file entry_16.cif (mmCIF, C-alpha atoms and all ligand atoms)
data_protein
loop_
_atom_site.label_atom_id
_atom_site.label_comp_id
_atom_site.auth_asym_id
_atom_site.auth_seq_id
_atom_site.Cartn_x
_atom_site.Cartn_y
_atom_site.Cartn_z
CA MET A 1 0.00 0.00 0.00
CA VAL A 2 1.52 3.34 -1.00
CA ILE A 3 1.26 6.37 1.25
CA ARG A 4 1.68 10.10 0.71
CA ALA A 5 4.35 11.87 2.76
CA GLU A 6 4.23 15.66 2.67
CA TYR A 7 7.83 16.85 3.15
CA ILE A 8 7.83 20.31 4.79
CA TRP A 9 10.84 22.62 5.15
CA ILE A 10 11.75 26.23 5.88
CA ASP A 11 13.06 28.29 2.98
CA GLY A 12 15.53 31.18 2.73
CA THR A 13 13.12 34.04 1.99
CA GLU A 14 14.40 37.37 3.39
CA PRO A 15 13.69 38.97 5.74
CA THR A 16 11.24 36.31 6.96
CA ALA A 17 11.37 32.64 5.97
CA ASN A 18 8.35 30.76 4.60
CA VAL A 19 7.34 27.10 4.78
CA ARG A 20 7.42 25.00 1.63
CA SER A 21 6.32 21.43 0.96
CA LYS A 22 6.02 18.76 -1.68
CA THR A 23 4.69 15.23 -1.77
CA LYS A 24 6.65 12.00 -1.85
CA ILE A 25 4.98 8.65 -2.49
CA LEU A 26 6.37 5.92 -0.25
CA SER A 27 5.72 2.23 -0.80
CA ASN A 28 5.00 1.42 2.85
CA ALA A 29 3.37 2.94 5.91
CA VAL A 30 5.86 4.63 8.26
CA GLU A 31 6.51 3.36 11.79
CA GLY A 32 9.53 5.45 12.73
CA LEU A 33 11.55 8.47 11.70
CA ASP A 34 14.35 6.23 10.39
CA GLN A 35 11.97 4.80 7.78
CA LEU A 36 11.63 8.20 6.12
CA PRO A 37 14.25 8.64 3.39
CA ILE A 38 16.19 11.84 2.86
CA TRP A 39 15.02 13.77 -0.20
CA GLY A 40 16.03 16.84 -2.16
CA TYR A 41 14.84 20.00 -3.90
CA ASP A 42 15.89 22.98 -5.96
CA GLY A 43 17.41 25.49 -3.55
CA SER A 44 17.71 28.11 -6.29
CA SER A 45 13.90 28.48 -6.20
CA THR A 46 13.81 29.06 -2.43
CA ASN A 47 16.60 31.64 -2.02
CA GLN A 48 18.94 28.98 -0.60
CA ALA A 49 21.27 28.17 -3.52
CA THR A 50 22.45 29.31 -6.94
CA GLY A 51 21.16 27.74 -10.15
CA LYS A 52 24.61 26.33 -10.91
CA ASP A 53 24.76 24.44 -7.59
CA SER A 54 21.12 24.10 -6.68
CA ASP A 55 20.60 20.75 -4.97
CA LEU A 56 19.74 20.77 -1.26
CA VAL A 57 18.93 17.85 1.01
CA LEU A 58 15.80 17.32 3.11
CA GLN A 59 16.54 15.42 6.32
CA PRO A 60 13.35 14.29 8.14
CA VAL A 61 13.41 15.30 11.84
CA TYR A 62 9.76 15.11 12.95
CA TYR A 63 6.69 13.45 11.52
CA CYS A 64 3.02 13.10 12.44
CA PRO A 65 -0.23 11.79 10.94
CA ASP A 66 -1.45 13.95 8.04
CA PRO A 67 -4.84 15.13 9.34
CA ILE A 68 -5.87 16.46 5.92
CA ARG A 69 -5.24 13.42 3.77
CA GLY A 70 -5.88 10.97 6.61
CA GLY A 71 -5.23 7.23 6.53
CA LYS A 72 -1.55 6.33 6.91
CA ASP A 73 -0.40 9.52 5.19
CA VAL A 74 2.09 11.67 7.11
CA LEU A 75 3.50 15.18 7.42
CA VAL A 76 7.30 15.16 7.55
CA LEU A 77 9.17 18.21 8.85
CA CYS A 78 12.75 18.40 7.59
CA GLU A 79 16.03 20.15 8.24
CA VAL A 80 17.76 21.57 5.18
CA LEU A 81 21.29 20.24 4.60
CA LYS A 82 23.88 20.87 1.91
CA THR A 83 24.92 17.91 -0.24
CA ASP A 84 27.90 17.28 2.07
CA MET A 85 25.25 16.69 4.79
CA SER A 86 26.27 19.73 6.83
CA PRO A 87 23.47 22.11 7.89
CA HIS A 88 22.57 24.84 5.39
CA PRO A 89 23.19 28.36 6.84
CA SER A 90 19.40 28.93 6.92
CA ASN A 91 18.97 25.82 9.11
CA SER A 92 18.40 27.41 12.53
CA ARG A 93 17.23 24.09 14.00
CA ALA A 94 20.73 22.62 13.75
CA VAL A 95 22.04 25.40 16.03
CA LEU A 96 19.23 24.84 18.53
CA ARG A 97 20.14 21.13 18.70
CA GLU A 98 23.51 22.06 20.22
CA THR A 99 21.91 24.40 22.77
CA VAL A 100 19.41 21.73 23.79
CA LYS A 101 22.21 19.23 24.37
CA ARG A 102 24.18 21.72 26.46
CA TRP A 103 21.32 22.57 28.84
CA ALA A 104 19.29 19.35 28.86
CA ASP A 105 19.84 18.81 32.60
CA GLN A 106 17.88 22.03 33.37
CA GLU A 107 14.85 20.63 31.49
CA PRO A 108 13.73 23.81 29.67
CA ILE A 109 10.15 23.78 28.36
CA PHE A 110 8.19 26.29 26.27
CA GLY A 111 4.61 27.23 25.47
CA ILE A 112 4.30 29.56 22.47
CA GLU A 113 1.21 31.68 21.76
CA GLN A 114 1.04 32.06 17.98
CA GLU A 115 -1.03 35.06 16.91
CA TYR A 116 -2.02 35.50 13.25
CA THR A 117 -4.35 37.53 11.06
CA LEU A 118 -6.76 36.17 8.45
CA PHE A 119 -7.07 37.95 5.12
CA ARG A 120 -9.37 37.58 2.14
CA GLY A 121 -7.46 39.23 -0.68
CA MET A 122 -5.96 42.49 0.60
CA ARG A 123 -8.36 42.94 3.52
CA PRO A 124 -8.38 41.41 7.01
CA LEU A 125 -11.55 39.42 7.72
CA GLY A 126 -14.06 41.71 9.40
CA PHE A 127 -12.82 44.87 7.66
CA PRO A 128 -15.52 46.42 5.40
CA GLU A 129 -15.44 45.23 1.77
CA ASN A 130 -15.53 48.72 0.31
CA GLY A 131 -12.72 50.22 2.38
CA GLY A 132 -12.69 51.98 5.72
CA PHE A 133 -12.44 50.38 9.11
CA PRO A 134 -14.62 48.32 11.44
CA ARG A 135 -15.69 49.55 14.88
CA PRO A 136 -12.65 50.24 17.11
CA GLN A 137 -11.06 47.45 19.14
CA GLY A 138 -12.88 46.37 22.29
CA PRO A 139 -15.47 43.69 21.62
CA TYR A 140 -13.44 41.32 19.45
CA TYR A 141 -11.04 39.62 21.92
CA CYS A 142 -12.59 36.27 22.90
CA GLY A 143 -15.87 37.52 21.42
CA VAL A 144 -18.82 35.61 20.08
CA GLY A 145 -21.32 36.50 17.38
CA ALA A 146 -21.25 37.21 13.66
CA ASP A 147 -20.71 40.96 14.21
CA GLU A 148 -17.50 40.35 16.15
CA ILE A 149 -16.02 37.06 15.01
CA PHE A 150 -14.61 36.39 11.55
CA GLY A 151 -13.10 33.15 10.28
CA ARG A 152 -14.15 30.72 12.99
CA PRO A 153 -14.82 27.78 10.60
CA LEU A 154 -11.19 27.90 9.44
CA VAL A 155 -9.90 28.32 13.01
CA GLU A 156 -11.91 25.30 14.21
CA ALA A 157 -10.74 23.20 11.25
CA HIS A 158 -7.15 24.12 12.13
CA LEU A 159 -7.60 23.19 15.81
CA ASP A 160 -9.13 19.87 14.79
CA ALA A 161 -6.27 19.17 12.37
CA CYS A 162 -3.61 19.97 15.01
CA LEU A 163 -5.27 17.61 17.49
CA ARG A 164 -5.50 14.80 14.94
CA ALA A 165 -1.83 15.36 14.03
CA GLY A 166 -0.88 14.93 17.69
CA ILE A 167 0.50 18.46 18.00
CA ALA A 168 0.62 19.65 21.64
CA ILE A 169 -1.84 22.48 20.97
CA SER A 170 -3.09 23.81 24.31
CA GLY A 171 -5.77 26.33 23.30
CA ILE A 172 -7.13 28.91 20.85
CA ASN A 173 -8.74 32.34 21.19
CA ALA A 174 -10.00 35.24 19.10
CA GLU A 175 -7.69 38.26 19.42
CA VAL A 176 -8.07 42.01 19.89
CA MET A 177 -8.25 43.04 16.21
CA PRO A 178 -11.03 41.64 13.99
CA GLY A 179 -9.80 38.64 11.99
CA GLN A 180 -6.92 38.11 14.42
CA TRP A 181 -6.60 34.81 16.28
CA GLU A 182 -4.18 32.83 18.43
CA PHE A 183 -3.31 29.22 19.09
CA GLN A 184 -0.89 27.97 21.74
CA VAL A 185 1.56 25.05 21.48
CA GLY A 186 3.19 23.54 24.56
CA PRO A 187 4.55 23.33 27.10
CA VAL A 188 7.12 20.92 25.65
CA GLY A 189 10.88 21.03 24.99
CA PRO A 190 12.57 23.61 22.72
CA LEU A 191 12.88 21.35 19.64
CA GLU A 192 9.42 19.85 20.14
CA VAL A 193 7.63 23.19 20.50
CA SER A 194 9.44 24.63 17.48
CA ASP A 195 8.91 21.60 15.22
CA GLN A 196 5.25 21.46 16.16
CA LEU A 197 4.76 25.21 15.76
CA TRP A 198 6.22 25.17 12.23
CA THR A 199 4.00 22.18 11.40
CA ALA A 200 0.95 23.95 12.85
CA ARG A 201 1.81 27.04 10.76
CA TRP A 202 1.97 24.86 7.65
CA LEU A 203 -1.44 23.38 8.51
CA LEU A 204 -2.89 26.88 8.96
CA HIS A 205 -1.73 28.02 5.52
CA ARG A 206 -2.81 24.75 3.90
CA ILE A 207 -6.30 24.70 5.44
CA GLY A 208 -6.70 28.38 4.58
CA GLU A 209 -6.48 27.38 0.89
CA ASP A 210 -9.73 25.43 1.26
CA TYR A 211 -11.49 28.55 2.56
CA GLY A 212 -9.94 31.07 0.17
CA ILE A 213 -8.43 32.76 3.23
CA SER A 214 -4.75 33.47 3.81
CA ALA A 215 -3.20 33.64 7.26
CA THR A 216 -0.40 36.16 7.73
CA LEU A 217 2.15 36.25 10.54
CA ASP A 218 2.86 39.93 9.77
CA PRO A 219 3.63 41.54 13.18
CA LYS A 220 1.71 44.73 12.30
CA PRO A 221 -0.79 43.88 9.56
CA VAL A 222 -2.76 47.12 9.98
CA ARG A 223 -1.12 50.42 10.92
CA GLY A 224 -2.80 52.72 13.40
CA ASP A 225 -4.82 51.90 16.49
CA TRP A 226 -4.89 48.14 15.89
CA ASN A 227 -3.01 45.49 17.84
CA GLY A 228 -0.03 43.80 16.23
CA ALA A 229 0.53 40.04 16.22
CA GLY A 230 3.06 38.43 18.54
CA ALA A 231 4.31 35.05 19.66
CA HIS A 232 4.45 35.37 23.45
CA THR A 233 6.92 32.73 24.60
CA ASN A 234 6.34 31.10 27.98
CA PHE A 235 9.39 29.49 29.49
CA SER A 236 10.49 27.52 32.53
CA THR A 237 13.27 25.29 33.75
CA LYS A 238 13.13 22.64 36.44
CA ALA A 239 14.50 25.19 38.94
CA MET A 240 11.92 27.84 37.94
CA ARG A 241 9.13 25.31 38.38
CA THR A 242 10.11 24.95 42.04
CA SER A 243 11.64 28.33 43.00
CA TYR A 244 10.52 31.95 42.61
CA ASP A 245 14.12 33.14 42.96
CA ALA A 246 14.94 31.20 39.80
CA VAL A 247 12.01 32.85 37.95
CA ILE A 248 13.34 36.29 38.95
CA ALA A 249 16.93 35.35 38.05
CA ALA A 250 15.74 34.29 34.58
CA ALA A 251 13.83 37.57 34.09
CA GLU A 252 16.92 39.57 35.17
CA ALA A 253 19.11 37.59 32.75
CA LEU A 254 16.71 38.38 29.89
CA GLY A 255 17.06 42.06 30.84
CA ARG A 256 20.86 41.94 30.63
CA ASN A 257 20.64 40.50 27.09
CA ALA A 258 17.59 42.45 25.94
CA LEU A 259 18.93 43.95 22.73
CA GLU A 260 20.39 40.71 21.36
CA HIS A 261 17.03 39.03 21.90
CA VAL A 262 14.90 41.77 20.36
CA ARG A 263 17.11 41.90 17.26
CA ASN A 264 16.39 38.20 16.66
CA TYR A 265 12.71 38.07 17.58
CA GLY A 266 11.34 38.66 14.07
CA PHE A 267 11.53 41.26 11.30
CA GLY A 268 9.67 44.51 11.87
CA ILE A 269 9.69 44.28 15.65
CA GLU A 270 9.96 48.10 16.04
CA SER A 271 6.61 48.45 14.28
CA ARG A 272 4.95 46.24 16.90
CA LEU A 273 6.83 46.91 20.18
CA THR A 274 5.86 50.58 20.36
CA GLY A 275 4.82 50.83 24.01
CA SER A 276 1.12 50.82 23.05
CA HIS A 277 -1.24 47.92 22.35
CA GLU A 278 -0.06 45.76 25.28
CA THR A 279 3.65 46.02 24.45
CA ALA A 280 6.78 47.57 25.94
CA PRO A 281 9.00 49.70 23.63
CA TYR A 282 11.52 47.48 21.81
CA ASP A 283 14.51 49.46 23.12
CA GLN A 284 13.51 49.31 26.79
CA PHE A 285 13.22 46.35 29.14
CA HIS A 286 11.22 45.78 32.27
CA TYR A 287 9.50 42.80 33.82
CA GLY A 288 6.52 42.74 36.14
CA VAL A 289 3.85 40.61 37.75
CA SER A 290 0.60 40.59 35.72
CA ASP A 291 1.99 43.45 33.59
CA ARG A 292 0.86 43.21 29.95
CA GLY A 293 2.79 46.39 29.19
CA ALA A 294 6.04 44.71 30.26
CA SER A 295 8.70 43.03 28.11
CA VAL A 296 8.49 39.99 30.37
CA ARG A 297 5.41 39.18 32.44
CA ILE A 298 5.29 36.95 35.48
CA PRO A 299 1.76 35.55 35.71
CA TRP A 300 0.00 36.35 39.00
CA GLN A 301 -0.39 32.67 39.90
CA VAL A 302 3.37 32.27 39.62
CA ALA A 303 3.98 35.17 42.03
CA ARG A 304 1.39 33.77 44.44
CA GLU A 305 2.59 30.18 44.36
CA GLY A 306 6.23 31.25 44.38
CA LYS A 307 7.20 29.08 41.39
CA GLY A 308 6.33 28.45 37.76
CA TYR A 309 7.32 30.23 34.55
CA LEU A 310 7.66 33.60 32.83
CA GLU A 311 6.22 35.00 29.62
CA ASP A 312 8.53 36.78 27.18
CA ARG A 313 6.01 39.03 25.40
CA ARG A 314 8.44 40.40 22.82
CA PRO A 315 8.73 37.77 20.04
CA ASN A 316 6.85 38.69 16.86
CA ALA A 317 4.27 36.44 15.23
CA ASN A 318 6.77 36.03 12.37
CA CYS A 319 9.64 34.92 14.62
CA ASP A 320 11.58 31.73 14.06
CA PRO A 321 10.86 29.57 17.14
CA TYR A 322 14.18 27.74 16.67
CA VAL A 323 15.94 31.09 17.22
CA VAL A 324 13.69 32.37 20.02
CA THR A 325 13.86 29.17 22.10
CA ARG A 326 17.64 28.95 21.57
CA LEU A 327 18.25 32.51 22.82
CA ILE A 328 15.98 32.14 25.85
CA THR A 329 17.45 28.74 26.76
CA GLU A 330 21.01 30.01 26.34
CA THR A 331 20.45 33.25 28.31
CA CYS A 332 18.39 31.83 31.17
CA CYS A 333 20.06 28.44 31.59
CA SER A 334 23.54 29.95 31.66
CA ALA A 335 22.38 32.44 34.32
CA LEU A 336 20.79 29.65 36.39
CA ALA A 337 23.71 27.23 36.03
P1 LIG B 401 -1.94 34.42 28.12
O1 LIG B 401 -2.64 34.64 29.42
O2 LIG B 401 -0.65 35.18 28.04
O3 LIG B 401 -2.82 34.66 26.94
P2 LIG B 401 -1.98 31.59 27.24
O4 LIG B 401 -2.92 30.79 28.03
O5 LIG B 401 -2.39 32.00 25.88
O6 LIG B 401 -1.51 32.87 28.14
O7 LIG B 401 -0.61 30.80 27.06
C1 LIG B 401 0.14 30.35 28.13
C2 LIG B 401 1.11 29.30 27.63
O8 LIG B 401 2.02 29.00 28.68
C3 LIG B 401 0.47 27.99 27.24
O9 LIG B 401 0.98 27.57 25.98
C4 LIG B 401 0.95 27.03 28.33
O10 LIG B 401 1.09 25.73 27.83
C5 LIG B 401 2.30 27.63 28.67
N1 LIG B 401 2.80 27.21 30.00
C6 LIG B 401 2.11 26.88 31.11
N2 LIG B 401 2.93 26.50 32.10
C7 LIG B 401 4.19 26.58 31.62
C8 LIG B 401 5.49 26.31 32.16
N3 LIG B 401 5.66 25.89 33.42
N4 LIG B 401 6.57 26.51 31.36
C9 LIG B 401 6.41 26.95 30.10
N5 LIG B 401 5.22 27.21 29.54
C10 LIG B 401 4.12 27.03 30.28
MN MN B 402 -2.61 33.94 24.98
MN MN B 403 -2.61 36.88 22.52
MN MN B 404 0.33 36.02 26.36
#

call {"tool": "encode", "arguments": {"input": "entry_16.cif", "output": "structure tokens", "more": "lines below"}}
Ligand code: ADP
Ligand code: MN
Ligand code: MN
Ligand code: MN
result
Amino acid sequence: MVIRAEYIWIDGTEPTANVRSKTKILSNAVEGLDQLPIWGYDGSSTNQATGKDSDLVLQPVYYCPDPIRGGKDVLVLCEVLKTDMSPHPSNSRAVLRETVKRWADQEPIFGIEQEYTLFRGMRPLGFPENGGFPRPQGPYYCGVGADEIFGRPLVEAHLDACLRAGIAISGINAEVMPGQWEFQVGPVGPLEVSDQLWTARWLLHRIGEDYGISATLDPKPVRGDWNGAGAHTNFSTKAMRTSYDAVIAAAEALGRNALEHVRNYGFGIESRLTGSHETAPYDQFHYGVSDRGASVRIPWQVAREGKGYLEDRRPNANCDPYVVTRLITETCCSALA
């Protein structure tokens, strides 16, 4: 019995990478990662190689049931390698692998809140067809009703697909701007959360095709008095999950490395981290309990119980989770070591 394996990888588009995929027919059902062959593609069509030396290698690193095709079909997330089997420069996962090895004993885990905005053509869902703007923000966040909520059938289909794929999705909600939504993945390890988030992003774009709706991870899809889209990144280590001092030490360490983090948290971060719309200015850092205007928020339950996790509110919706989880792991685990 043949099966369809959808090979998914991250391209070299600047300034923000996209996901790509193509289908491989395999002659047997897959029972382990090692049964998935390496494959290849034309890197000159993805901004990762020249036409003269175009071949790049797809190395499977994570797979799950394909919830769209069903049956024994699978989605296969890959790292991009050069033909000498070394990681391609655009392969940020390979760098994270080293970080994960170095700090494994601290057991870092992440929950990422992926915000996104649905568009039909050039217009966000819920924005009037003939131009202009909807009613100001206020009723849309976690709203219900056809005057406030736009795109729910697609959002529900995506949630269902993530669950059937076995992705560690932990919730969804409608966001502050019309047509803006969020799903959360985690808490799981740095590689797991990032692999599953990229796969969930691919599913969102793919399911959007069936609805004639595109999902953008643009951090500021509409200028003006409209919220941007982020990827709040919740983080803890074993020590933080038992000690409030460790939570504070991690927040302080993020403050000492603030600029390096912000520079690598997604293109266009200055347009989103303005100090308004539940953000702190990108060039300032402060943390606080329950503070949604802070760079890093400590949830109130964490302060009360004296242990738990922190939320880095700065990453953009269009961030690369392999980069964000690497920086946070590196900064916080080295401070806690
Ligand atoms: P918010 O109130 O900021 O909207 P969400 O409920 O959307 O928060 O997201 C919180 C995220 O934090 C979830 O993905 C959850 O899995 C994750 N999380 C919970 N506990 C921990 C922990 N100890 N370490 C890391 N992440 C955690
Ligand atoms: Mn949230
Ligand atoms: Mn949110
Ligand atoms: Mn949040």

call {"tool": "atom_distance", "arguments": {"input": "entry_16.cif", "atom1": "atom N4 of ligand LIG 401 (chain B)", "atom2": "CA of Phe110 (chain A)"}}
result
5.3 Å

call {"tool": "residues_near_ligand", "arguments": {"input": "entry_16.cif", "ligand": "ligand LIG 401 (chain B)", "cutoff": "7 Å", "atoms": "only C-alpha atoms and all ligand atoms", "output": "list in words"}}
result
Ile109, Phe110, Gly111, Ile112, Glu113, Ser170, Gln184, Val185, Gly186, Pro187, His232, Asn234, Phe235, Ser236, Arg241, Gly308 and Tyr309 of chain A

call {"tool": "residues_around", "arguments": {"input": "entry_16.cif", "residues": "Pro60 (chain A)", "least_positions_apart": "6", "cutoff": "7 Å", "atoms": "all atoms listed in the file", "output": "VMD selection string"}}
result
chain A and resid 36 38 76 to 79

call {"tool": "residues_near_ligand", "arguments": {"input": "entry_16.cif", "ligand": "ligand MN 402 (chain B)", "cutoff": "12 Å", "atoms": "all atoms listed in the file", "output": "short mmCIF file (atom, residue, chain, number, x, y, z; two decimals) with C-alpha atoms, in the coordinates of the input"}}
result
data_model
loop_
_atom_site.label_atom_id
_atom_site.label_comp_id
_atom_site.auth_asym_id
_atom_site.auth_seq_id
_atom_site.Cartn_x
_atom_site.Cartn_y
_atom_site.Cartn_z
CA GLY A 111 4.61 27.23 25.47
CA ILE A 112 4.30 29.56 22.47
CA GLU A 113 1.21 31.68 21.76
CA GLN A 114 1.04 32.06 17.98
CA GLU A 115 -1.03 35.06 16.91
CA TYR A 116 -2.02 35.50 13.25
CA TYR A 141 -11.04 39.62 21.92
CA CYS A 142 -12.59 36.27 22.90
CA SER A 170 -3.09 23.81 24.31
CA GLY A 171 -5.77 26.33 23.30
CA ILE A 172 -7.13 28.91 20.85
CA ASN A 173 -8.74 32.34 21.19
CA ALA A 174 -10.00 35.24 19.10
CA GLU A 175 -7.69 38.26 19.42
CA VAL A 176 -8.07 42.01 19.89
CA TRP A 181 -6.60 34.81 16.28
CA GLU A 182 -4.18 32.83 18.43
CA PHE A 183 -3.31 29.22 19.09
CA GLN A 184 -0.89 27.97 21.74
CA VAL A 185 1.56 25.05 21.48
CA GLY A 186 3.19 23.54 24.56
CA ALA A 229 0.53 40.04 16.22
CA GLY A 230 3.06 38.43 18.54
CA ALA A 231 4.31 35.05 19.66
CA HIS A 232 4.45 35.37 23.45
CA THR A 233 6.92 32.73 24.60
CA ASN A 234 6.34 31.10 27.98
CA ARG A 292 0.86 43.21 29.95
CA PRO A 299 1.76 35.55 35.71
CA GLU A 311 6.22 35.00 29.62
CA ASP A 312 8.53 36.78 27.18
CA ARG A 313 6.01 39.03 25.40
#

call {"tool": "residues_near_point", "arguments": {"input": "entry_16.cif", "point": "(20.0, 23.6, 36.5)", "cutoff": "10 Å", "atoms": "only C-alpha atoms", "output": "PyMOL selection string"}}
result
chain A and resi 103-108+237-240+246+332-337

call {"tool": "residues_around", "arguments": {"input": "entry_16.cif", "residues": "Ser54 (chain A)", "least_positions_apart": "5", "cutoff": "9 Å", "atoms": "only C-alpha atoms", "output": "list of chain:residue names"}}
result
A:Tyr41, A:Asp42, A:Gly43, A:Ser44, A:Ser45, A:Gln48, A:Ala49

call {"tool": "closest_residue", "arguments": {"input": "entry_16.cif", "among": "A:Trp300, A:Arg314, A:Gly151, A:Ser295", "to": "Gly212 (chain A)", "atoms": "all atoms listed in the file"}}
result
A:Gly151

call {"tool": "closest_residue", "arguments": {"input": "entry_16.cif", "among": "A:Gly145, A:Pro190, A:Gly208, A:Gly293", "to": "ligand MN 404 (chain B)", "atoms": "all atoms listed in the file"}}
result
A:Gly293

call {"tool": "residues_around", "arguments": {"input": "entry_16.cif", "residues": "Leu33 (chain A)", "least_positions_apart": "2", "cutoff": "10 Å", "atoms": "all atoms listed in the file", "output": "list in words"}}
result
Val30, Glu31, Gln35, Leu36, Pro37, Pro60, Val61, Tyr62, Tyr63, Cys64 and Val76 of chain A

call {"tool": "atom_distance", "arguments": {"input": "entry_16.cif", "atom1": "CA of Ala253 (chain A)", "atom2": "CA of Ile328 (chain A)"}}
result
9.3 Å

call {"tool": "closest_residue", "arguments": {"input": "entry_16.cif", "among": "A:Ile8, A:Leu163, A:Ile298, A:Val324", "to": "ligand MN 404 (chain B)", "atoms": "all atoms listed in the file"}}
result
A:Ile298

call {"tool": "residues_around", "arguments": {"input": "entry_16.cif", "residues": "region 320-322 of chain A", "least_positions_apart": "4", "cutoff": "8 Å", "atoms": "only C-alpha atoms", "output": "PyMOL selection string"}}
result
chain A and resi 92-93+96+190-191+193-194+197+265-266+326

call {"tool": "residues_around", "arguments": {"input": "entry_16.cif", "residues": "His205 (chain A)", "least_positions_apart": "5", "cutoff": "9 Å", "atoms": "only C-alpha atoms", "output": "PyMOL selection string"}}
result
chain A and resi 200+213-216

call {"tool": "closest_residue", "arguments": {"input": "entry_16.cif", "among": "A:Glu270, A:Asp160, A:Asp210, A:Glu330", "to": "Pro67 (chain A)", "atoms": "all atoms listed in the file"}}
result
A:Asp160

call {"tool": "build_atoms", "arguments": {"input": "entry_16.cif", "residues": "region 125-138 of chain A", "atoms": "N, CA, C and O atoms", "output": "PDB file, keeping the file's coordinate frame"}}
result
ATOM      1  N   LEU A 125     -10.151  39.816   7.506  1.00  0.00           N
ATOM      2  CA  LEU A 125     -11.550  39.420   7.720  1.00  0.00           C
ATOM      3  C   LEU A 125     -12.164  40.350   8.763  1.00  0.00           C
ATOM      4  O   LEU A 125     -11.550  40.645   9.785  1.00  0.00           O
ATOM      5  N   GLY A 126     -13.385  40.808   8.469  1.00  0.00           N
ATOM      6  CA  GLY A 126     -14.060  41.710   9.400  1.00  0.00           C
ATOM      7  C   GLY A 126     -13.891  43.176   9.048  1.00  0.00           C
ATOM      8  O   GLY A 126     -14.577  44.030   9.609  1.00  0.00           O
ATOM      9  N   PHE A 127     -12.968  43.489   8.128  1.00  0.00           N
ATOM     10  CA  PHE A 127     -12.820  44.870   7.660  1.00  0.00           C
ATOM     11  C   PHE A 127     -13.780  45.062   6.477  1.00  0.00           C
ATOM     12  O   PHE A 127     -13.913  44.173   5.636  1.00  0.00           O
ATOM     13  N   PRO A 128     -14.486  46.223   6.426  1.00  0.00           N
ATOM     14  CA  PRO A 128     -15.520  46.420   5.400  1.00  0.00           C
ATOM     15  C   PRO A 128     -14.996  46.212   3.983  1.00  0.00           C
ATOM     16  O   PRO A 128     -13.883  46.619   3.665  1.00  0.00           O
ATOM     17  N   GLU A 129     -15.811  45.569   3.151  1.00  0.00           N
ATOM     18  CA  GLU A 129     -15.440  45.230   1.770  1.00  0.00           C
ATOM     19  C   GLU A 129     -15.020  46.455   0.971  1.00  0.00           C
ATOM     20  O   GLU A 129     -14.085  46.396   0.185  1.00  0.00           O
ATOM     21  N   ASN A 130     -15.758  47.558   1.169  1.00  0.00           N
ATOM     22  CA  ASN A 130     -15.530  48.720   0.310  1.00  0.00           C
ATOM     23  C   ASN A 130     -14.633  49.778   0.966  1.00  0.00           C
ATOM     24  O   ASN A 130     -14.814  50.971   0.767  1.00  0.00           O
ATOM     25  N   GLY A 131     -13.683  49.304   1.771  1.00  0.00           N
ATOM     26  CA  GLY A 131     -12.720  50.220   2.380  1.00  0.00           C
ATOM     27  C   GLY A 131     -13.181  50.700   3.749  1.00  0.00           C
ATOM     28  O   GLY A 131     -14.248  50.322   4.233  1.00  0.00           O
ATOM     29  N   GLY A 132     -12.370  51.496   4.383  1.00  0.00           N
ATOM     30  CA  GLY A 132     -12.690  51.980   5.720  1.00  0.00           C
ATOM     31  C   GLY A 132     -12.362  50.949   6.768  1.00  0.00           C
ATOM     32  O   GLY A 132     -11.708  49.946   6.504  1.00  0.00           O
ATOM     33  N   PHE A 133     -12.830  51.206   7.964  1.00  0.00           N
ATOM     34  CA  PHE A 133     -12.440  50.380   9.110  1.00  0.00           C
ATOM     35  C   PHE A 133     -13.658  49.887   9.868  1.00  0.00           C
ATOM     36  O   PHE A 133     -14.707  50.523   9.830  1.00  0.00           O
ATOM     37  N   PRO A 134     -13.522  48.769  10.569  1.00  0.00           N
ATOM     38  CA  PRO A 134     -14.620  48.320  11.440  1.00  0.00           C
ATOM     39  C   PRO A 134     -14.676  49.172  12.708  1.00  0.00           C
ATOM     40  O   PRO A 134     -13.838  50.053  12.895  1.00  0.00           O
ATOM     41  N   ARG A 135     -15.636  48.886  13.581  1.00  0.00           N
ATOM     42  CA  ARG A 135     -15.690  49.550  14.880  1.00  0.00           C
ATOM     43  C   ARG A 135     -14.360  49.375  15.603  1.00  0.00           C
ATOM     44  O   ARG A 135     -13.699  48.338  15.446  1.00  0.00           O
ATOM     45  N   PRO A 136     -13.945  50.342  16.422  1.00  0.00           N
ATOM     46  CA  PRO A 136     -12.650  50.240  17.110  1.00  0.00           C
ATOM     47  C   PRO A 136     -12.556  48.970  17.955  1.00  0.00           C
ATOM     48  O   PRO A 136     -13.565  48.345  18.291  1.00  0.00           O
ATOM     49  N   GLN A 137     -11.325  48.620  18.317  1.00  0.00           N
ATOM     50  CA  GLN A 137     -11.060  47.450  19.140  1.00  0.00           C
ATOM     51  C   GLN A 137     -11.797  47.557  20.475  1.00  0.00           C
ATOM     52  O   GLN A 137     -12.024  48.630  20.979  1.00  0.00           O
ATOM     53  N   GLY A 138     -12.152  46.423  21.017  1.00  0.00           N
ATOM     54  CA  GLY A 138     -12.880  46.370  22.290  1.00  0.00           C
ATOM     55  C   GLY A 138     -13.665  45.089  22.394  1.00  0.00           C
ATOM     56  O   GLY A 138     -13.407  44.271  23.278  1.00  0.00           O
TER      57      GLY A 138
END
